[in-house]
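Note sheet for the following structure.
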Amino acid sequence: MRCLPRLVFFVTVLHGLPVFYPAQTPGKKPPATKSVAEIAALIRPSLVKITQSGREGIDGIGSGFVIREDGLVATNKHVIGEARNIEVETSDGAKHKVTEVFSSDVHLDLAILRVAKKGLKPLVLGDSDKIEQGDPIVAMGNPEGLAFSVVEGVVSAMRDIEDIPMIQVAVPIERGNSGGPLLDRQGRVLGVLTLKAQRTENLGFSMPVNQLKRLLEKPNPVPMERWLTIGVLDPKMWKPLLGAQWTQHAGVVRSEIMGAGFGGRTLCIWEPDKKLPSAFEASVSVKLEEESGAAGLMFCSDGLDKHYGFYPTAGKVRLTRFDGASVFSWTVLQELATDAYRPGDWNQLRVRVDAGKIQCFVNGRSVIEVEDTGLRGGHAGLCRFRAPAAEFKSFRIGSDLAEKPIAPEQARRIRETLDLYLTDNETRKKAIEKLLTDPAAVKRLVAEQRRTFEQNAIALRKLEQDIHRRSVTRDLVKELGKPERNIDVVRCALLVSKHDNPEIDIEQYRRSFSNMVDELRSDPDIILDTQSAVRRLSKYLFEENGFHGSRHDRNSKSNSYFNEVLEDREGLPITLSIVFVELAARLGVKDVFGVPVPGHFMVGYRPKAGMPTRLLDVFEGGKEYMPDEPLPDELVSPANARDIIMHVVRSLHGTLHDDSADFVEEHTASCLPYLDLILAIDPDAGGERISRARVREISGDREGAREDIGWLIEHPPENLPEEALMGLQRLYESLGG
């Protein structure tokens, strides 16, 4: 089991602090064990029932327990959901308002709530590092939302589940028990019940309590009014209708839970303040969770019950006119099966509407064309029916959204290039000639051709990815080539994310960031002198919106993808610094900048012109960094845009840094795109040039390795020993054959 360094806490409930059980004094007898009945009586006043609710009532139920007398309650993250109303009921039947999510971590599946109630009875938090296999334990919770229950068992093992250390326990964990405490026989909390095993009902898992302590030590508080906006669609761009739950993450809109309309219908209008022209096109890519569902485009909507819908359902595609709330007012204009639709995959739907007809396309192919003028104008957006969830991405409205045809001569040149890329003509010619000497070899020939096509498909996928990455790299280098004052650092950070994730809609995230700026600009408390603005930004990000440094896995790429940092409000020092500095810049606040201090990245600011630079550690919630001695000017100088973006790319590449040849060989495919990107931004990056030469050599690209080594010989990095330079020369010559 991976454990945190052991800390000894001698803290009591005084001043509202949690009770951490102290380390045992050598030679002192451990506390006497209690019976299950004694533990139940002792613990019951501290147990709570937690419900999350939506538009249609209660959507989830779970357990929790008090950890601080001033109203802090521990539970699972999945128990409280996201952007959901939460209610806490104590053992006496009283229901309490949740005022904030004090701390949460989706990786650890833990959350701490604050309720508007003082004088609660907290449980004692034990030390999960001391757990041993076979230790007796007691679990408590609210199975299926019933009265508080208790069950005893033993610790089965300590296991890593998806790289997270967990306690495996031999007790049944039912629905509603999640979030309840796992206790030792002295009544101390050892963990938080999280999930049950798939193999047997009498085996479950618990998150160690020492992980919960991490959330207490480094909270990321979010007031409930802010919590209810996490993952919710931007109201300036989307307006959900008819219930259900609409959320957004990484550019994908997801709709789940039955809508309130007939047949579970739910709608979501795009840009509710704008109306459609008489002629337009709309498109979206949609993926059904189950093919029994139905979801797609909605258009010509009156904002209520009247609209058209074009959507897949049960393996077919359907165009329907909805003239009211009841099924009796709906008209299926056309329905058909088409091989243009790919079940279980993303499918692009597009409609073209003019004065006299409607034309519908699936993945670029025209499949439906009808003359119907029943509805025109209004709004467009998304629709879904029935219970299975659906996902949507790349919604657009325009006058002509069809992909433009490629000119014949251009297509000919591209195909010739692809043939050269895919085909070794000499090898294929010899294979065919050999196989045709014997008619029985025809079957072998077909099999060989099939394998070739499969290899070509792999090569084409790689080529598609390479073209995407090189295109993004070109855009990023072009942006960074502008004068420093004109560089859009937010766009650059999003381009780095798009380098790995082609589906990211950069403009959508730029708009979301601009909405944060607009919210701050309209805040009556905002004062734009540097000192006041820095305080307001710190409060806005770290106290009101829950931005925080990653606790679980700093090497997760999500912490470096700027779009996910904005959505999850969790990141690295570099990505959190970009959020802080760019908000300040767009508000017109001067003298706020990123500072790459050795081993860390911070936000620097000067309260007034000529004053020394002060540093904020945004990874630690905007805490002011106070070094023992003043740092020299060269260590607190502002980073320029290129340096900032290089830090982001290097953070993505950082987990792949290792001197061992085995490691480099294993991660060649992962290393190379980041090395290419770094060297495109900064061709003089000698360390990455050496790394890329190694990677290229290992992957068999001798010509590429020779190119990099030749560059290094002509532009030797500073402080490169003469012996190393001679070694490069010998390697360069050996690769020339």
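In the structure tokens, chains take the letters A, B, ... in the order shown, each chain's residues start at 1, and ligands count up from 1 in the order shown.
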
Would you kindly return, as a compact mmCIF listing (two decimals) with all heavy atoms, in the first residue's frame, each protein, DNA or RNA residue with an atom no farther than 7 Å from any atom of Gly293 (chain A), considering only C-alpha atoms and excluding same-chain residues fewer than 4 positions away?
# COMPACT_ATOMS: atom_id res chain seq x y z
N LEU A 288 -25.23 7.72 -29.23
CA LEU A 288 -26.22 7.19 -28.29
C LEU A 288 -25.56 6.21 -27.33
O LEU A 288 -24.72 5.40 -27.74
CB LEU A 288 -27.34 6.47 -29.05
CG LEU A 288 -28.11 7.28 -30.10
CD1 LEU A 288 -29.19 6.41 -30.74
CD2 LEU A 288 -28.73 8.52 -29.48
N THR A 313 -32.78 6.46 -34.21
CA THR A 313 -33.57 5.73 -33.22
C THR A 313 -33.70 4.29 -33.66
O THR A 313 -34.07 4.01 -34.81
CB THR A 313 -34.96 6.35 -33.02
OG1 THR A 313 -35.72 5.54 -32.10
CG2 THR A 313 -35.74 6.48 -34.32
N ALA A 314 -33.34 3.36 -32.79
CA ALA A 314 -33.46 1.92 -33.05
C ALA A 314 -32.79 1.53 -34.37
O ALA A 314 -33.32 0.73 -35.14
CB ALA A 314 -34.92 1.50 -33.05
N PHE A 385 -34.85 11.66 -26.42
CA PHE A 385 -36.08 11.00 -26.01
C PHE A 385 -35.72 9.75 -25.20
O PHE A 385 -34.65 9.18 -25.33
CB PHE A 385 -36.90 10.58 -27.23
CG PHE A 385 -37.15 11.69 -28.21
CD1 PHE A 385 -36.21 12.01 -29.17
CD2 PHE A 385 -38.30 12.45 -28.14
CE1 PHE A 385 -36.41 13.04 -30.06
CE2 PHE A 385 -38.53 13.49 -29.03
CZ PHE A 385 -37.57 13.78 -30.00
N ARG A 386 -36.61 9.36 -24.33
CA ARG A 386 -36.47 8.14 -23.54
C ARG A 386 -35.30 8.21 -22.56
O ARG A 386 -34.66 9.25 -22.43
CB ARG A 386 -36.40 6.91 -24.45
CG ARG A 386 -37.63 6.76 -25.35
CD ARG A 386 -37.65 5.40 -26.04
NE ARG A 386 -36.76 5.33 -27.17
CZ ARG A 386 -37.04 5.80 -28.39
NH1 ARG A 386 -38.20 6.39 -28.61
NH2 ARG A 386 -36.19 5.65 -29.37
N ALA A 387 -35.01 7.08 -21.90
CA ALA A 387 -34.06 7.09 -20.79
C ALA A 387 -32.59 7.00 -21.19
O ALA A 387 -31.75 7.63 -20.56
CB ALA A 387 -34.39 5.95 -19.83
N PRO A 388 -32.19 6.20 -22.20
CA PRO A 388 -30.75 6.09 -22.45
C PRO A 388 -30.11 7.46 -22.69
O PRO A 388 -30.68 8.31 -23.38
CB PRO A 388 -30.67 5.22 -23.71
CG PRO A 388 -31.94 4.43 -23.69
CD PRO A 388 -32.97 5.35 -23.11

Determine, counting only C-alpha atoms, which protein, DNA and RNA residues have an atom within 9 Å of an atom of region 252-260 of chain A; residues of the same chain fewer than 2 positions away are not included. Present the result as a ChimeraX atom specification.
/A:55-56,233,241-250,262-267,384-394,503-504

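For the set A:Phe102, A:Tyr561, A:Phe65, A:Trp346, the residue with the smallest atom-to-atom gap to Leu120 (chain A) is A:Phe65, counting only C-alpha atoms.
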
Straight-line distance linking CA of Ala325 (chain A) with CA of Asp354 (chain A), stated in Å to one decimal:
25.2 Å

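Among the candidate residues A:Arg44, A:Lys239, A:Lys213, A:Arg606, the one lying nearest to Pro122 (chain A) is A:Arg44, with distances computed using only C-alpha atoms.
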
DSSP-assigned alpha helix (DSSP H) among region 264-499 of chain A, expressed as a VMD selection string
chain A and resid 408 to 422 425 to 435 442 to 480 489 to 499

CA of Arg376 (chain A) and CA of Gly251 (chain A), how far apart in Å?
28.8 Å

Near Lys274 (chain A), counting only C-alpha atoms, which residues have an atom at most 9 Å away, once you skip same-chain residues fewer than 2 positions from it, shown as a ChimeraX atom specification?
/A:270-272,276,378-379

Write a file of the just-selected residues containing C-alpha atoms, as a short mmCIF file (atom, residue, chain, number, x, y, z; two decimals), in the first residue's frame.
data_model
loop_
_atom_site.label_atom_id
_atom_site.label_comp_id
_atom_site.auth_asym_id
_atom_site.auth_seq_id
_atom_site.Cartn_x
_atom_site.Cartn_y
_atom_site.Cartn_z
CA TRP A 270 -28.59 26.95 -28.73
CA GLU A 271 -28.08 30.70 -28.19
CA PRO A 272 -31.60 31.34 -26.81
CA LEU A 276 -32.79 31.42 -37.02
CA GLY A 378 -37.34 29.98 -34.23
CA HIS A 379 -34.37 28.26 -32.63
#

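Near region 125-137 of chain A, within a cut-off of 6 Å and counting only C-alpha atoms, sit the residues Val19, Phe20, Tyr21, Glu152, Gly153, Val154, Val155, Ser156, Ala157, Leu183, Asp184, Arg188, Val189, Leu190, Pro208, Val209 and Asn210 of chain A, with same-chain residues fewer than 2 positions away left out.
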
Here is a test: counting only C-alpha atoms, which residue of A:Ala457, A:Pro343, A:Ala584, A:Glu688 is nearest to Asp518 (chain A)?
A:Ala584

Find the residue from A:Val222, A:Leu528, A:Val332, A:Ala279 that sits nearest to His548 (chain A); use only C-alpha atoms when measuring.
A:Val222

Residues within 8 Å of Arg696 (chain A), please, as a short mmCIF file (atom, residue, chain, number, x, y, z; two decimals) with all heavy atoms, in the first residue's frame. Count only C-alpha atoms; anything in the same chain fewer than 6 positions from it doesn't count.
data_model
loop_
_atom_site.label_atom_id
_atom_site.label_comp_id
_atom_site.auth_asym_id
_atom_site.auth_seq_id
_atom_site.Cartn_x
_atom_site.Cartn_y
_atom_site.Cartn_z
N ARG A 702 16.60 6.25 -38.62
CA ARG A 702 18.02 6.58 -38.63
C ARG A 702 18.26 7.95 -39.27
O ARG A 702 19.10 8.73 -38.81
CB ARG A 702 18.81 5.50 -39.37
CG ARG A 702 18.80 4.15 -38.66
CD ARG A 702 19.43 3.08 -39.54
NE ARG A 702 20.82 3.35 -39.85
CZ ARG A 702 21.86 2.99 -39.09
NH1 ARG A 702 21.64 2.36 -37.95
NH2 ARG A 702 23.09 3.26 -39.47
N GLY A 704 16.21 10.52 -39.33
CA GLY A 704 15.80 11.56 -38.38
C GLY A 704 16.81 11.74 -37.27
O GLY A 704 17.12 12.87 -36.85
N ALA A 705 17.33 10.60 -36.75
CA ALA A 705 18.34 10.67 -35.68
C ALA A 705 19.59 11.38 -36.19
O ALA A 705 20.19 12.20 -35.49
CB ALA A 705 18.67 9.27 -35.19
#

Contacts of region 154-268 of chain A with region 87-99 of chain A up to 10 Å, shortest pair per row, only C-alpha atoms, as a tab-separated table:
residue	atom	partner	partner_atom	distance
A:Val222	CA	A:Thr99	CA	8.9
A:Pro223	CA	A:Thr99	CA	6.1
A:Met224	CA	A:Thr99	CA	5.6
A:Glu225	CA	A:Thr99	CA	8.5
A:Trp227	CA	A:Thr99	CA	9.9

Residue neighbourhood Ile506 (chain A), 7 Å, only C-alpha atoms, exclusion window fewer than 3 positions, as a ChimeraX atom specification
/A:494,509-510

Generate a file of the selected residues that holds N, CA and C atoms, formatted as a compact mmCIF listing (two decimals), in the first residue's frame.
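Result written to selection-v2.txt:
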# COMPACT_ATOMS: atom_id res chain seq x y z
N LEU A 494 -4.83 26.26 -25.01
CA LEU A 494 -5.86 25.39 -25.56
C LEU A 494 -5.36 24.65 -26.80
N TYR A 509 -14.12 27.23 -25.32
CA TYR A 509 -13.42 27.44 -24.06
C TYR A 509 -12.92 28.88 -23.93
N ARG A 510 -12.60 29.50 -25.05
CA ARG A 510 -12.24 30.92 -24.99
C ARG A 510 -13.45 31.75 -24.53

Need the shell around Asp323 (chain A): protein/DNA/RNA residues with any atom at most 8 Å away, counting only C-alpha atoms. Skip same-chain ones fewer than 3 positions apart. Format as a VMD selection string?
chain A and resid 305 to 307 329 to 331

Would you output that residue set with all heavy atoms, as a compact mmCIF listing (two decimals), in the first residue's frame?
# COMPACT_ATOMS: atom_id res chain seq x y z
N ASP A 305 -43.08 23.59 -27.31
CA ASP A 305 -43.29 22.21 -27.74
C ASP A 305 -43.24 22.00 -29.25
O ASP A 305 -43.31 20.87 -29.71
CB ASP A 305 -44.66 21.72 -27.23
CG ASP A 305 -44.69 21.56 -25.73
OD1 ASP A 305 -43.79 20.89 -25.21
OD2 ASP A 305 -45.60 22.11 -25.09
N LYS A 306 -43.15 23.07 -30.02
CA LYS A 306 -43.17 22.93 -31.48
C LYS A 306 -41.75 23.00 -32.03
O LYS A 306 -41.01 23.95 -31.76
CB LYS A 306 -44.04 24.02 -32.10
CG LYS A 306 -45.52 23.91 -31.76
CD LYS A 306 -46.32 24.99 -32.47
CE LYS A 306 -47.81 24.87 -32.15
NZ LYS A 306 -48.61 25.91 -32.87
N HIS A 307 -41.40 22.01 -32.88
CA HIS A 307 -40.08 21.99 -33.50
C HIS A 307 -39.99 20.78 -34.42
O HIS A 307 -40.85 19.89 -34.40
CB HIS A 307 -38.98 21.90 -32.44
CG HIS A 307 -39.05 20.67 -31.59
ND1 HIS A 307 -38.43 19.50 -31.91
CD2 HIS A 307 -39.70 20.44 -30.41
CE1 HIS A 307 -38.68 18.59 -30.97
NE2 HIS A 307 -39.45 19.14 -30.05
N SER A 329 -49.99 14.95 -31.68
CA SER A 329 -49.70 16.11 -32.51
C SER A 329 -48.35 15.99 -33.21
O SER A 329 -47.88 16.94 -33.83
CB SER A 329 -49.71 17.39 -31.65
OG SER A 329 -48.70 17.32 -30.65
N TRP A 330 -47.75 14.80 -33.14
CA TRP A 330 -46.45 14.58 -33.77
C TRP A 330 -46.64 13.90 -35.12
O TRP A 330 -47.49 13.00 -35.27
CB TRP A 330 -45.54 13.71 -32.91
CG TRP A 330 -45.27 14.28 -31.54
CD1 TRP A 330 -45.63 15.51 -31.07
CD2 TRP A 330 -44.59 13.63 -30.46
NE1 TRP A 330 -45.22 15.68 -29.77
CE2 TRP A 330 -44.56 14.53 -29.37
CE3 TRP A 330 -43.99 12.39 -30.31
CZ2 TRP A 330 -43.98 14.23 -28.16
CZ3 TRP A 330 -43.39 12.07 -29.11
CH2 TRP A 330 -43.39 12.99 -28.04
N THR A 331 -45.83 14.27 -36.10
CA THR A 331 -45.92 13.67 -37.43
C THR A 331 -44.54 13.18 -37.86
O THR A 331 -43.60 13.99 -37.99
CB THR A 331 -46.41 14.69 -38.47
OG1 THR A 331 -47.68 15.20 -38.06
CG2 THR A 331 -46.55 14.04 -39.84

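Within region 230-279 of chain A, residues classed as strand (DSSP E) by DSSP on backbone coordinates are Trp238, Lys239, Pro240, Leu241, Gly243, Ala244, Gln245, Trp246, Thr247, Gln248, His249, Val252, Val253, Arg254, Ser255, Glu256, Ile257, Met258, Gly259, Thr266, Leu267, Cys268, Ile269 and Trp270 of chain A.
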